[in-house]
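**Student:** My structure is stored as entry-v6.csv, with CSV, C-alpha atoms and all ligand atoms.
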chain,number,residue,atom,x,y,z
J,1,MET,CA,-52.2,-118.0,-6.5
J,2,THR,CA,-53.0,-115.0,-8.6
J,3,GLY,CA,-52.2,-114.1,-12.2
J,4,ARG,CA,-53.3,-115.4,-15.5
J,5,ALA,CA,-53.2,-119.1,-16.3
J,6,THR,CA,-50.8,-119.8,-19.2
J,7,ALA,CA,-52.1,-121.9,-22.1
J,8,PRO,CA,-50.4,-125.3,-22.3
J,9,ALA,CA,-47.7,-125.5,-25.0
J,10,PRO,CA,-49.0,-127.4,-28.0
J,11,VAL,CA,-47.8,-130.9,-28.5
J,12,TRP,CA,-46.7,-131.4,-32.1
J,13,GLY,CA,-47.2,-135.0,-33.4
J,14,TRP,CA,-47.8,-136.8,-36.7
J,15,GLU,CA,-51.5,-136.2,-36.3
J,16,SER,CA,-51.2,-132.4,-35.9
J,17,ALA,CA,-52.1,-129.7,-38.4
J,18,TYR,CA,-49.0,-127.5,-38.9
J,19,PRO,CA,-49.6,-123.8,-39.9
J,20,ALA,CA,-47.6,-121.9,-42.5
J,21,PRO,CA,-48.4,-118.3,-41.8
J,22,ALA,CA,-48.2,-115.5,-44.3
J,23,LYS,CA,-45.7,-112.6,-43.9
J,24,LEU,CA,-46.0,-108.9,-44.7
J,25,ASN,CA,-43.1,-106.7,-45.6
J,26,LEU,CA,-43.9,-103.6,-43.5
J,27,PHE,CA,-41.5,-101.7,-45.8
J,28,LEU,CA,-39.0,-102.8,-48.4
J,29,HIS,CA,-36.0,-100.7,-49.6
J,30,LEU,CA,-33.5,-101.8,-52.3
J,31,VAL,CA,-30.1,-100.6,-51.2
J,32,GLY,CA,-27.8,-102.2,-53.7
J,33,ARG,CA,-27.0,-105.2,-55.8
J,34,ARG,CA,-24.8,-108.3,-55.4
J,35,ALA,CA,-22.3,-109.4,-58.1
J,36,ASP,CA,-24.7,-112.3,-59.0
J,37,GLY,CA,-27.5,-109.8,-59.7
J,38,TYR,CA,-29.5,-110.5,-56.5
J,39,HIS,CA,-30.7,-107.3,-54.8
J,40,LEU,CA,-29.6,-106.2,-51.4
J,41,LEU,CA,-32.6,-105.0,-49.5
J,42,GLN,CA,-33.8,-103.8,-46.1
J,43,THR,CA,-37.2,-104.9,-44.9
J,44,VAL,CA,-39.2,-105.7,-41.8
J,45,PHE,CA,-41.0,-109.0,-41.9
J,46,ARG,CA,-43.9,-109.8,-39.7
J,47,PHE,CA,-46.2,-112.8,-39.6
J,48,ILE,CA,-50.0,-112.7,-39.6
J,49,ASP,CA,-52.5,-115.2,-38.5
J,50,ARG,CA,-53.7,-116.3,-42.0
J,51,ALA,CA,-52.0,-119.5,-43.0
J,52,ASP,CA,-51.7,-122.5,-45.2
J,53,VAL,CA,-52.1,-125.8,-43.3
J,54,LEU,CA,-49.8,-128.8,-43.7
J,55,ARG,CA,-50.2,-132.4,-42.5
J,56,PHE,CA,-47.7,-135.2,-42.6
J,57,ALA,CA,-48.0,-139.0,-42.6
J,58,PRO,CA,-44.9,-141.2,-42.2
J,59,ARG,CA,-43.8,-143.5,-45.1
J,60,THR,CA,-41.3,-146.4,-44.8
J,61,ASP,CA,-40.4,-146.5,-48.5
J,62,GLY,CA,-38.3,-143.3,-48.3
J,63,GLN,CA,-40.5,-141.4,-50.8
J,64,VAL,CA,-41.6,-137.8,-50.5
J,65,VAL,CA,-45.1,-137.6,-51.9
J,66,LEU,CA,-47.3,-134.5,-52.2
J,67,ALA,CA,-50.9,-135.8,-52.0
J,68,THR,CA,-52.4,-132.4,-53.0
J,69,PRO,CA,-50.4,-130.9,-55.9
J,70,LEU,CA,-51.2,-127.3,-56.8
J,71,PRO,CA,-52.6,-126.6,-60.3
J,72,ASP,CA,-49.7,-125.3,-62.4
J,73,VAL,CA,-47.0,-126.3,-59.9
J,74,PRO,CA,-45.5,-129.8,-60.8
J,75,ALA,CA,-45.1,-131.7,-57.5
J,76,ASP,CA,-41.4,-132.2,-58.0
J,77,THR,CA,-40.9,-128.4,-58.0
J,78,ASP,CA,-43.3,-127.6,-55.2
J,79,LEU,CA,-41.3,-126.0,-52.4
J,80,THR,CA,-42.8,-128.4,-49.8
J,81,VAL,CA,-41.4,-131.4,-51.7
J,82,ARG,CA,-38.0,-129.7,-52.3
J,83,ALA,CA,-37.7,-128.8,-48.6
J,84,ALA,CA,-38.4,-132.4,-47.5
J,85,ARG,CA,-35.9,-133.8,-50.0
J,86,LEU,CA,-33.3,-131.3,-48.9
J,87,LEU,CA,-33.7,-132.5,-45.4
J,88,GLN,CA,-33.3,-136.1,-46.5
J,89,VAL,CA,-30.0,-135.3,-48.3
J,90,GLU,CA,-28.7,-133.2,-45.4
J,91,SER,CA,-29.5,-135.8,-42.7
J,92,GLY,CA,-29.1,-139.0,-44.6
J,93,THR,CA,-32.4,-140.3,-43.2
J,94,GLY,CA,-34.1,-143.1,-45.0
J,95,ARG,CA,-37.5,-141.9,-43.8
J,96,GLY,CA,-40.2,-140.7,-46.2
J,97,VAL,CA,-43.4,-138.7,-45.9
J,98,THR,CA,-46.7,-138.0,-47.5
J,99,ILE,CA,-47.5,-134.2,-47.3
J,100,THR,CA,-51.0,-132.8,-47.5
J,101,LEU,CA,-51.2,-129.0,-48.2
J,102,GLU,CA,-54.3,-127.0,-47.6
J,103,LYS,CA,-53.6,-123.9,-49.6
J,104,ARG,CA,-55.2,-120.6,-48.4
J,105,LEU,CA,-52.6,-118.1,-49.4
J,106,PRO,CA,-52.6,-116.8,-52.9
J,107,LEU,CA,-49.6,-117.7,-55.2
J,108,GLY,CA,-47.4,-114.8,-56.2
J,109,GLY,CA,-49.1,-112.6,-53.6
J,110,GLY,CA,-46.0,-111.3,-51.9
J,111,ILE,CA,-47.2,-112.8,-48.6
J,112,GLY,CA,-44.6,-115.6,-48.8
J,113,GLY,CA,-47.0,-118.6,-49.0
J,114,GLY,CA,-44.6,-121.0,-50.8
J,115,SER,CA,-41.6,-119.9,-48.7
J,116,SER,CA,-43.7,-120.4,-45.5
J,117,ASP,CA,-44.8,-123.8,-46.7
J,118,ALA,CA,-41.1,-124.8,-47.2
J,119,ALA,CA,-40.1,-123.5,-43.7
J,120,THR,CA,-43.0,-125.4,-42.1
J,121,VAL,CA,-41.8,-128.6,-43.8
J,122,LEU,CA,-38.2,-128.0,-42.5
J,123,LEU,CA,-39.4,-127.3,-39.0
J,124,ALA,CA,-42.0,-130.1,-38.8
J,125,LEU,CA,-39.9,-132.9,-40.4
J,126,ASN,CA,-36.8,-132.0,-38.4
J,127,HIS,CA,-39.0,-132.6,-35.4
J,128,LEU,CA,-41.1,-135.6,-36.7
J,129,TRP,CA,-38.1,-137.4,-38.2
J,130,GLY,CA,-36.0,-136.6,-35.0
J,131,LEU,CA,-33.1,-135.1,-37.0
J,132,GLY,CA,-31.9,-132.6,-34.4
J,133,LEU,CA,-30.8,-129.9,-36.8
J,134,SER,CA,-30.4,-126.4,-35.3
J,135,ARG,CA,-32.5,-123.4,-36.2
J,136,GLN,CA,-29.4,-121.8,-37.7
J,137,ARG,CA,-28.7,-124.9,-39.9
J,138,LEU,CA,-32.4,-125.0,-41.0
J,139,GLN,CA,-32.2,-121.2,-41.9
J,140,ALA,CA,-29.1,-121.9,-44.1
J,141,LEU,CA,-30.9,-124.8,-45.8
J,142,GLY,CA,-34.0,-122.7,-46.3
J,143,LEU,CA,-32.0,-120.0,-48.0
J,144,THR,CA,-31.0,-122.4,-50.8
J,145,LEU,CA,-34.8,-122.7,-51.5
J,146,GLY,CA,-35.6,-119.0,-51.6
J,147,ALA,CA,-34.6,-115.7,-50.0
J,148,ASP,CA,-37.8,-115.5,-48.0
J,149,VAL,CA,-37.5,-119.0,-46.3
J,150,PRO,CA,-35.0,-118.2,-43.5
J,151,VAL,CA,-37.2,-115.7,-41.7
J,152,PHE,CA,-40.0,-118.2,-41.3
J,153,VAL,CA,-37.5,-120.6,-39.6
J,154,TYR,CA,-36.2,-117.7,-37.5
J,155,GLY,CA,-39.8,-117.3,-36.3
J,156,ARG,CA,-39.8,-113.7,-35.0
J,157,PRO,CA,-40.6,-110.3,-36.4
J,158,ALA,CA,-37.3,-109.4,-38.0
J,159,PHE,CA,-35.4,-106.5,-39.6
J,160,ALA,CA,-33.7,-108.1,-42.6
J,161,GLY,CA,-30.7,-107.1,-44.6
J,162,GLY,CA,-28.6,-108.9,-47.2
J,163,VAL,CA,-31.1,-110.6,-49.6
J,164,GLY,CA,-33.4,-111.1,-46.6
J,165,GLU,CA,-31.3,-113.6,-44.7
J,166,GLU,CA,-29.5,-111.3,-42.2
J,167,LEU,CA,-32.0,-111.2,-39.5
J,168,THR,CA,-32.2,-109.1,-36.3
J,169,PRO,CA,-35.2,-109.0,-33.9
J,170,VAL,CA,-37.4,-105.9,-34.2
J,171,ALA,CA,-40.3,-104.6,-32.1
J,172,VAL,CA,-43.6,-104.4,-34.1
J,173,PRO,CA,-47.0,-103.2,-32.7
J,174,ASP,CA,-50.0,-105.4,-32.0
J,175,GLU,CA,-51.9,-104.4,-35.1
J,176,THR,CA,-54.6,-105.9,-37.3
J,177,TYR,CA,-54.2,-105.8,-41.1
J,178,LEU,CA,-56.7,-105.4,-43.9
J,179,VAL,CA,-55.2,-107.3,-46.8
J,180,VAL,CA,-56.5,-107.0,-50.3
J,181,GLU,CA,-55.6,-109.6,-52.9
J,182,SER,CA,-55.3,-108.9,-56.6
J,183,PRO,CA,-56.5,-111.2,-59.4
J,184,VAL,CA,-53.0,-111.6,-60.7
J,185,ALA,CA,-49.9,-113.5,-59.6
J,186,VAL,CA,-46.9,-111.1,-59.8
J,187,PRO,CA,-43.7,-113.0,-60.8
J,188,THR,CA,-41.0,-111.8,-58.4
J,189,PRO,CA,-38.2,-112.0,-61.1
J,190,LEU,CA,-40.2,-109.7,-63.5
J,191,ILE,CA,-40.3,-106.9,-60.9
J,192,PHE,CA,-36.7,-107.3,-59.8
J,193,SER,CA,-35.5,-107.2,-63.5
J,194,ALA,CA,-37.4,-104.0,-64.4
J,195,PRO,CA,-35.1,-101.3,-65.8
J,196,GLU,CA,-36.9,-98.5,-64.1
J,197,LEU,CA,-36.6,-100.1,-60.6
J,198,VAL,CA,-35.1,-97.8,-58.0
J,199,ARG,CA,-32.2,-99.7,-56.5
J,200,ASP,CA,-30.2,-97.1,-54.5
J,201,THR,CA,-32.3,-96.1,-51.5
J,202,PRO,CA,-29.9,-95.1,-48.7
J,203,ALA,CA,-29.6,-97.8,-46.1
J,204,ILE,CA,-31.1,-97.0,-42.7
J,205,ASP,CA,-29.9,-98.0,-39.2
J,206,PRO,CA,-32.0,-101.1,-38.2
J,207,ALA,CA,-31.9,-99.9,-34.5
J,208,GLY,CA,-33.5,-96.6,-35.6
J,209,TRP,CA,-36.5,-98.0,-37.6
J,210,ARG,CA,-39.9,-97.3,-36.2
J,211,PRO,CA,-43.3,-98.8,-37.4
J,212,GLY,CA,-44.7,-96.8,-40.2
J,213,GLN,CA,-41.3,-95.7,-41.5
J,214,GLY,CA,-40.2,-96.5,-45.0
J,215,HIS,CA,-41.8,-97.4,-48.3
J,216,ASN,CA,-41.7,-100.3,-50.8
J,217,ASP,CA,-39.4,-99.7,-53.8
J,218,LEU,CA,-41.1,-102.6,-55.7
J,219,GLU,CA,-44.5,-100.9,-55.5
J,220,ALA,CA,-44.3,-98.4,-58.3
J,221,VAL,CA,-43.0,-101.1,-60.8
J,222,ALA,CA,-45.7,-103.6,-59.8
J,223,CYS,CA,-48.5,-100.9,-60.0
J,224,ALA,CA,-47.3,-99.8,-63.5
J,225,ARG,CA,-47.2,-103.3,-64.8
J,226,PHE,CA,-50.3,-104.6,-63.1
J,227,PRO,CA,-53.1,-102.0,-63.0
J,228,GLN,CA,-55.2,-104.2,-60.7
J,229,VAL,CA,-52.6,-103.8,-58.0
J,230,ALA,CA,-52.6,-100.0,-58.5
J,231,GLU,CA,-56.4,-99.9,-58.3
J,232,ARG,CA,-56.5,-101.9,-55.1
J,233,LEU,CA,-53.8,-99.8,-53.5
J,234,ALA,CA,-55.7,-96.6,-54.3
J,235,TRP,CA,-58.9,-98.1,-52.9
J,236,LEU,CA,-57.2,-99.2,-49.7
J,237,THR,CA,-55.5,-95.8,-49.2
J,238,GLY,CA,-58.9,-94.2,-49.1
J,239,ALA,CA,-60.6,-96.9,-47.0
J,240,ALA,CA,-57.7,-96.9,-44.4
J,241,ARG,CA,-57.9,-93.1,-44.2
J,242,ASP,CA,-61.6,-93.2,-43.6
J,243,HIS,CA,-61.4,-95.8,-40.9
J,244,GLY,CA,-58.3,-94.6,-38.9
J,245,GLY,CA,-55.9,-97.1,-40.5
J,246,GLY,CA,-52.2,-96.5,-41.4
J,247,VAL,CA,-50.6,-96.0,-44.8
J,248,ALA,CA,-51.6,-98.6,-47.5
J,249,ARG,CA,-48.6,-100.4,-49.0
J,250,MET,CA,-47.8,-103.4,-51.2
J,251,THR,CA,-46.1,-106.3,-49.6
J,252,GLY,CA,-43.0,-107.9,-51.2
J,253,SER,CA,-43.2,-107.9,-55.0
J,254,GLY,CA,-47.0,-107.9,-54.9
J,255,ALA,CA,-49.7,-108.5,-55.6
J,256,CYS,CA,-51.3,-108.1,-52.2
J,257,VAL,CA,-51.7,-104.7,-50.5
J,258,PHE,CA,-52.3,-104.1,-46.9
J,259,ALA,CA,-53.0,-101.4,-44.2
J,260,GLY,CA,-52.5,-101.7,-40.4
J,261,PHE,CA,-55.2,-100.7,-37.9
J,262,SER,CA,-54.9,-100.5,-34.1
J,263,ARG,CA,-58.5,-101.7,-33.8
J,264,ARG,CA,-59.8,-104.9,-35.4
J,265,ASP,CA,-63.4,-103.6,-35.7
J,266,ALA,CA,-62.1,-100.6,-37.8
J,267,ALA,CA,-60.3,-103.0,-40.1
J,268,GLU,CA,-63.5,-105.0,-40.4
J,269,GLN,CA,-65.6,-101.9,-41.2
J,270,ALA,CA,-63.2,-101.0,-44.0
J,271,LEU,CA,-63.4,-104.6,-45.3
J,272,ALA,CA,-67.2,-104.3,-45.4
J,273,ARG,CA,-66.8,-101.6,-48.1
J,274,LEU,CA,-64.7,-103.8,-50.4
J,275,PRO,CA,-66.0,-103.5,-53.9
J,276,ALA,CA,-68.0,-106.5,-55.1
J,277,GLY,CA,-65.9,-109.2,-56.7
J,278,TRP,CA,-62.7,-108.2,-54.9
J,279,VAL,CA,-61.0,-110.5,-52.3
J,280,GLY,CA,-59.9,-109.2,-49.0
J,281,TRP,CA,-59.5,-110.3,-45.4
J,282,VAL,CA,-58.6,-109.2,-42.0
J,283,ALA,CA,-55.7,-110.8,-40.1
J,284,ALA,CA,-53.9,-110.2,-36.8
J,285,GLY,CA,-50.2,-109.5,-36.6
J,286,LEU,CA,-48.3,-112.2,-34.7
J,287,GLN,CA,-45.4,-111.7,-32.4
J,288,ASP,CA,-44.1,-115.3,-32.9
J,289,HIS,CA,-44.3,-117.9,-35.6
J,290,PRO,CA,-46.7,-120.6,-34.3
J,291,LEU,CA,-44.1,-123.3,-34.7
J,292,ARG,CA,-41.3,-121.3,-33.0
J,293,GLY,CA,-41.5,-123.6,-29.9
J,294,LEU,CA,-40.5,-126.7,-32.0
J,295,LEU,CA,-36.8,-125.7,-31.5
J,296,ALA,CA,-35.3,-124.8,-28.1
J,297,ASP,CA,-33.0,-121.9,-29.2
P,301,LIG,C1,-39.6,-109.7,-52.7
P,301,LIG,C2,-39.6,-110.6,-51.5
P,301,LIG,C3,-39.6,-109.7,-50.2
P,301,LIG,O1,-39.8,-110.5,-49.1
P,301,LIG,O2,-40.8,-111.4,-51.4
P,301,LIG,P1,-42.0,-111.9,-52.3
P,301,LIG,O3,-42.7,-110.8,-52.9
P,301,LIG,O4,-41.4,-112.9,-53.3
P,301,LIG,O5,-42.9,-112.7,-51.4
P,301,LIG,C4,-38.3,-111.5,-51.5
P,301,LIG,O6,-37.2,-110.8,-51.4
P,301,LIG,C5,-38.3,-112.5,-52.6
P,301,LIG,O7,-37.9,-113.7,-52.1
P,301,LIG,P2,-38.2,-115.1,-52.8
P,301,LIG,O8,-39.7,-115.1,-53.3
P,301,LIG,O9,-37.8,-116.2,-51.9
P,301,LIG,O10,-37.3,-114.9,-54.1
P,301,LIG,P3,-36.4,-116.0,-54.7
P,301,LIG,O11,-37.2,-117.2,-55.1
P,301,LIG,O12,-35.2,-116.2,-53.9
P,301,LIG,O13,-35.9,-115.2,-56.0
P,301,LIG,C6,-36.7,-115.0,-57.2
P,301,LIG,C7,-36.0,-114.1,-58.2
P,301,LIG,O14,-36.1,-112.7,-57.7
P,301,LIG,C8,-34.9,-112.0,-57.9
P,301,LIG,N1,-34.5,-111.6,-56.6
P,301,LIG,C9,-35.0,-112.1,-55.4
P,301,LIG,C10,-34.6,-111.7,-54.2
P,301,LIG,C11,-33.6,-110.6,-54.1
P,301,LIG,N2,-33.2,-110.1,-53.0
P,301,LIG,N3,-33.1,-110.1,-55.3
P,301,LIG,C12,-33.5,-110.5,-56.5
P,301,LIG,O15,-33.1,-110.0,-57.5
P,301,LIG,C13,-34.0,-112.9,-58.6
P,301,LIG,O16,-34.1,-112.7,-60.0
P,301,LIG,C14,-34.5,-114.3,-58.2
P,301,LIG,O17,-34.2,-115.3,-59.2
P,302,LIG,N1,-46.1,-124.8,-52.0
P,302,LIG,C1,-46.1,-123.7,-52.8
P,302,LIG,N2,-46.9,-122.7,-52.6
P,302,LIG,C2,-47.0,-121.6,-53.4
P,302,LIG,N3,-46.2,-121.5,-54.5
P,302,LIG,C3,-45.3,-122.4,-54.7
P,302,LIG,C4,-45.2,-123.6,-53.9
P,302,LIG,N4,-44.2,-124.3,-54.4
P,302,LIG,C5,-43.7,-123.7,-55.5
P,302,LIG,N5,-44.3,-122.5,-55.7
P,302,LIG,C6,-44.0,-121.5,-56.8
P,302,LIG,O1,-43.5,-120.3,-56.2
P,302,LIG,C7,-44.1,-119.2,-56.7
P,302,LIG,C8,-44.2,-118.0,-55.7
P,302,LIG,O2,-45.1,-118.4,-54.7
P,302,LIG,P1,-45.4,-117.6,-53.4
P,302,LIG,O3,-44.4,-117.9,-52.3
P,302,LIG,O4,-46.8,-118.0,-52.9
P,302,LIG,O5,-45.5,-116.1,-53.8
P,302,LIG,P2,-44.6,-114.8,-53.3
P,302,LIG,O6,-43.2,-115.2,-53.5
P,302,LIG,O7,-45.1,-113.8,-54.2
P,302,LIG,O8,-45.0,-114.6,-51.9
P,302,LIG,C9,-45.5,-119.7,-57.2
P,302,LIG,O9,-46.0,-118.9,-58.3
P,302,LIG,C10,-45.2,-121.1,-57.6
P,302,LIG,O10,-44.9,-121.2,-59.0
Show me, as structure tokens, the structure contained in the file I just sent.

**Tutor:**
Amino acid sequence: MTGRATAPAPVWGWESAYPAPAKLNLFLHLVGRRADGYHLLQTVFRFIDRADVLRFAPRTDGQVVLATPLPDVPADTDLTVRAARLLQVESGTGRGVTITLEKRLPLGGGIGGGSSDAATVLLALNHLWGLGLSRQRLQALGLTLGADVPVFVYGRPAFAGGVGEELTPVAVPDETYLVVESPVAVPTPLIFSAPELVRDTPAIDPAGWRPGQGHNDLEAVACARFPQVAERLAWLTGAARDHGGGVARMTGSGACVFAGFSRRDAAEQALARLPAGWVGWVAAGLQDHPLRGLLAD
């Protein structure tokens, strides 16, 4: 027989390490506002291969315990704990779990770390507790935790409308990204509530979107309020231009900025020029969420 051997599908058990990958918003337009104040947006989400890592151990006492609480986030409000408790209520299961979270993604970075952690808990515990909830049901549950959670359950690069929950598949290139963190956590509600925010960008046809198209309406506000973000965006704009990369943009409501490169070595050369004391890294764009295979549909 000829052809490439396919890698065996991973077996996900209690002993496995479950990734929660970061997302980038390749563009983000605000196209209106709902009656409850939430913003209607259009964005393209894609996952990258930089991730938090979660581990799970079964408990027979029905408790949900986070063994590794984050500084400044009370365990009861951590999105991992909230996701596990939501699944308990939804399914009526008496099972419990101890969660261990290895945090690698910056908080308030616009790369969806908390939302991705929550989605990984929904996907992993649905599987480990044998609950049999559908992807669609898990997406709906995820939306009650945050606007960014459904796309991580959906598990594919997506063009999103609504508040980020109306998802359609989209083709994205195999690219490598140089991501630069900022030494600030940008509070999402602060940016969305800014009076100067542009909220009336004309909607585009999802089928007509092409990689590189669009901008981030939240960028100007975040850069004005957080000069560290503006400084990093300006640096990345120059570094990407010098090394053959694409346009530098902010992701989500900040504080991370990113630029895409068709060649990984070019992204690494740009990273090598990062000013001393700054934090940046190179990550590959993913076509699928690594846990997508946990559900059949
Ligand atoms: C901007 C985006 C883009 O992907 O990402 P992040 O920068 O947070 O990663 C998201 O829309 C963020 O989603 P998420 O972080 O889940 O936000 P949520 O917890 O649901 O909302 C936080 C607050 O932001 C405001 N908000 C959020 C989403 C939205 N479409 N309109 C809003 O006005 C609301 O004031 C809300 O109370
Ligand atoms: N497991 C978690 N990881 C990160 N943040 C969390 C988590 N649980 C709750 N949070 C809260 O959610 C906020 C937003 O976190 P995060 O999703 O990382 O940023 P962003 O929405 O900018 O991508 C944090 O500042 C923190 O207060």

**Student:** Would you mind listing what lies within 9 Å of J:His127 as a PyMOL selection string, with all atoms listed in the file counted and same-chain residues fewer than 3 positions away left out?

**Tutor:** chain J and resi 12-13+122-124+130-133+294-295

**Student:** Do you know which residues are at most 10 Å from J:Leu190 counting only C-alpha atoms, after dropping those on the same chain fewer than 3 positions away, and could you put them as a PyMOL selection string?

**Tutor:** chain J and resi 186-187+193-194+221-222+225+253

**Student:** Please check which protein, DNA or RNA residues sit within 9 Å of ligand LIG 301 (chain P), counting all atoms listed in the file, and write them as a ChimeraX atom specification.

**Tutor:** /J:23-25,28,30,33-34,36-41,43-45,108-115,143-149,162-164,186-193,218,251-255

**Student:** To one decimal place in Å, what is the distance between atom CA of J:Ser16 and atom CA of J:Asp76?

**Tutor:**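 Taking atom CA of J:Ser16 and atom CA of J:Asp76, their separation equals 24.2 Å.
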
**Student:** Distance atom CA of J:Gly155-atom CA of J:Pro169, one decimal place?

**Tutor:**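 Taking atom CA of J:Gly155 and atom CA of J:Pro169, their separation equals 9.8 Å.
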
**Student:** Can you measure atom O7 of ligand LIG 302 (chain P) to atom CA of J:Ala185 for me? One decimal in Å is fine.

**Tutor:** 7.2 Å

**Student:** For each of J:Pro290, J:Pro8, J:Pro19, J:Pro71, take the minimum atom-to-atom distance to ligand LIG 302 (chain P), counting all atoms listed in the file, then give the residue where this is smallest.

**Tutor:**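 Checking each candidate against ligand LIG 302 (chain P), we get J:Pro71 as the closest.
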
**Student:** Quick one: of J:Gly208, J:Pro106, J:Gly94, J:Pro58, who's nearest to ligand LIG 302 (chain P), counting all atoms listed in the file?

**Tutor:**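 Of all the options, J:Pro106 lies closest to ligand LIG 302 (chain P).
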
**Student:** So which one's closest to ligand LIG 302 (chain P), J:Asp78, J:Glu268, J:Glu165, J:Asp61? Using all atoms listed in the file, please.

**Tutor:** J:Asp78

**Student:** Kindly indicate which residue among J:Pro69, J:Gly32, J:Pro275, J:Gly62 lies nearest to ligand LIG 302 (chain P), using all atoms listed in the file for the distances.

**Tutor:**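 Ranked by minimum distance to ligand LIG 302 (chain P), first place goes to J:Pro69.
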
**Student:** Tell me which of J:Glu90, J:Asp72, J:Glu181, J:Glu196 sits closest to ligand LIG 302 (chain P), counting all atoms listed in the file.

**Tutor:** J:Asp72

**Student:** What's the 8 Å shell around J:His215, counting all atoms listed in the file, without same-chain residues fewer than 6 positions away, as a ChimeraX atom specification?

**Tutor:** /J:27-29,249

**Student:** Pick the closest to J:Arg199 from J:Leu107, J:Asn216, J:Gln63, J:Ala119: which is it, counting all atoms listed in the file?

**Tutor:**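 Among the listed residues, J:Asn216 lies closest to J:Arg199.
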
**Student:** Near J:Ser182, counting all atoms listed in the file, which residues have an atom at most 9 Å away, once you skip same-chain residues fewer than 4 positions from it, shown as number ranges by chain?

**Tutor:** J: 109, 228-229, 232, 254-257, 278-280

**Student:** So which residues touch J:Asp265 within 12 Å, counting all atoms listed in the file, skipping near sequence neighbours fewer than 5 positions away, as a PDB file with C-alpha atoms, keeping the file's coordinate frame?

**Tutor:**
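Wrote it out as result_8.pdb, contents follow:
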ATOM      1  CA  GLU J 175     -51.900-104.400 -35.100  1.00  0.00           C
ATOM      2  CA  THR J 176     -54.600-105.900 -37.300  1.00  0.00           C
ATOM      3  CA  TYR J 177     -54.200-105.800 -41.100  1.00  0.00           C
ATOM      4  CA  LEU J 178     -56.700-105.400 -43.900  1.00  0.00           C
ATOM      5  CA  HIS J 243     -61.400 -95.800 -40.900  1.00  0.00           C
ATOM      6  CA  GLY J 244     -58.300 -94.600 -38.900  1.00  0.00           C
ATOM      7  CA  GLY J 245     -55.900 -97.100 -40.500  1.00  0.00           C
ATOM      8  CA  ALA J 270     -63.200-101.000 -44.000  1.00  0.00           C
ATOM      9  CA  LEU J 271     -63.400-104.600 -45.300  1.00  0.00           C
ATOM     10  CA  ALA J 272     -67.200-104.300 -45.400  1.00  0.00           C
ATOM     11  CA  VAL J 282     -58.600-109.200 -42.000  1.00  0.00           C
ATOM     12  CA  ALA J 283     -55.700-110.800 -40.100  1.00  0.00           C
ATOM     13  CA  ALA J 284     -53.900-110.200 -36.800  1.00  0.00           C
TER      14      ALA J 284
END

**Student:** Would you be able to write out as JSON, numbers by chain which residues have an atom within 10 Å of (-38.6, -117.8, -37.0) in the file's coordinates, counting all atoms listed in the file?

**Tutor:** {"J": [46, 47, 119, 123, 135, 139, 149, 150, 151, 152, 153, 154, 155, 156, 157, 158, 167, 169, 288, 289, 290, 291, 292, 293, 295]}

**Student:** At a cut-off of 10 Å around the point (-36.2, -94.5, -42.5) (file coordinates), what residues fall inside when counting only C-alpha atoms? I'd like the answer as a PDB file with C-alpha atoms, in the coordinates of the input.

**Tutor:**
ATOM      1  CA  PHE J  27     -41.500-101.700 -45.800  1.00  0.00           C
ATOM      2  CA  HIS J  29     -36.000-100.700 -49.600  1.00  0.00           C
ATOM      3  CA  THR J 201     -32.300 -96.100 -51.500  1.00  0.00           C
ATOM      4  CA  PRO J 202     -29.900 -95.100 -48.700  1.00  0.00           C
ATOM      5  CA  ALA J 203     -29.600 -97.800 -46.100  1.00  0.00           C
ATOM      6  CA  ILE J 204     -31.100 -97.000 -42.700  1.00  0.00           C
ATOM      7  CA  ASP J 205     -29.900 -98.000 -39.200  1.00  0.00           C
ATOM      8  CA  PRO J 206     -32.000-101.100 -38.200  1.00  0.00           C
ATOM      9  CA  GLY J 208     -33.500 -96.600 -35.600  1.00  0.00           C
ATOM     10  CA  TRP J 209     -36.500 -98.000 -37.600  1.00  0.00           C
ATOM     11  CA  ARG J 210     -39.900 -97.300 -36.200  1.00  0.00           C
ATOM     12  CA  PRO J 211     -43.300 -98.800 -37.400  1.00  0.00           C
ATOM     13  CA  GLY J 212     -44.700 -96.800 -40.200  1.00  0.00           C
ATOM     14  CA  GLN J 213     -41.300 -95.700 -41.500  1.00  0.00           C
ATOM     15  CA  GLY J 214     -40.200 -96.500 -45.000  1.00  0.00           C
ATOM     16  CA  HIS J 215     -41.800 -97.400 -48.300  1.00  0.00           C
TER      17      HIS J 215
END

**Student:** For stretch 128-133 of chain J, supply N, CA and C atoms and report the output as a CSV table (one decimal), keeping the file's coordinate frame.

**Tutor:**
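Output file part16.csv follows:
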chain,number,residue,atom,x,y,z
J,128,LEU,N,-40.4,-134.3,-36.6
J,128,LEU,CA,-41.1,-135.6,-36.7
J,128,LEU,C,-40.1,-136.7,-37.0
J,129,TRP,N,-39.1,-136.4,-37.8
J,129,TRP,CA,-38.1,-137.4,-38.2
J,129,TRP,C,-36.9,-137.5,-37.1
J,130,GLY,N,-37.0,-136.6,-36.1
J,130,GLY,CA,-36.0,-136.6,-35.0
J,130,GLY,C,-34.6,-136.3,-35.5
J,131,LEU,N,-34.4,-135.3,-36.4
J,131,LEU,CA,-33.1,-135.1,-37.0
J,131,LEU,C,-32.2,-134.2,-36.1
J,132,GLY,N,-32.8,-133.4,-35.3
J,132,GLY,CA,-31.9,-132.6,-34.4
J,132,GLY,C,-31.1,-131.5,-35.0
J,133,LEU,N,-31.5,-131.0,-36.2
J,133,LEU,CA,-30.8,-129.9,-36.8
J,133,LEU,C,-31.1,-128.6,-36.1
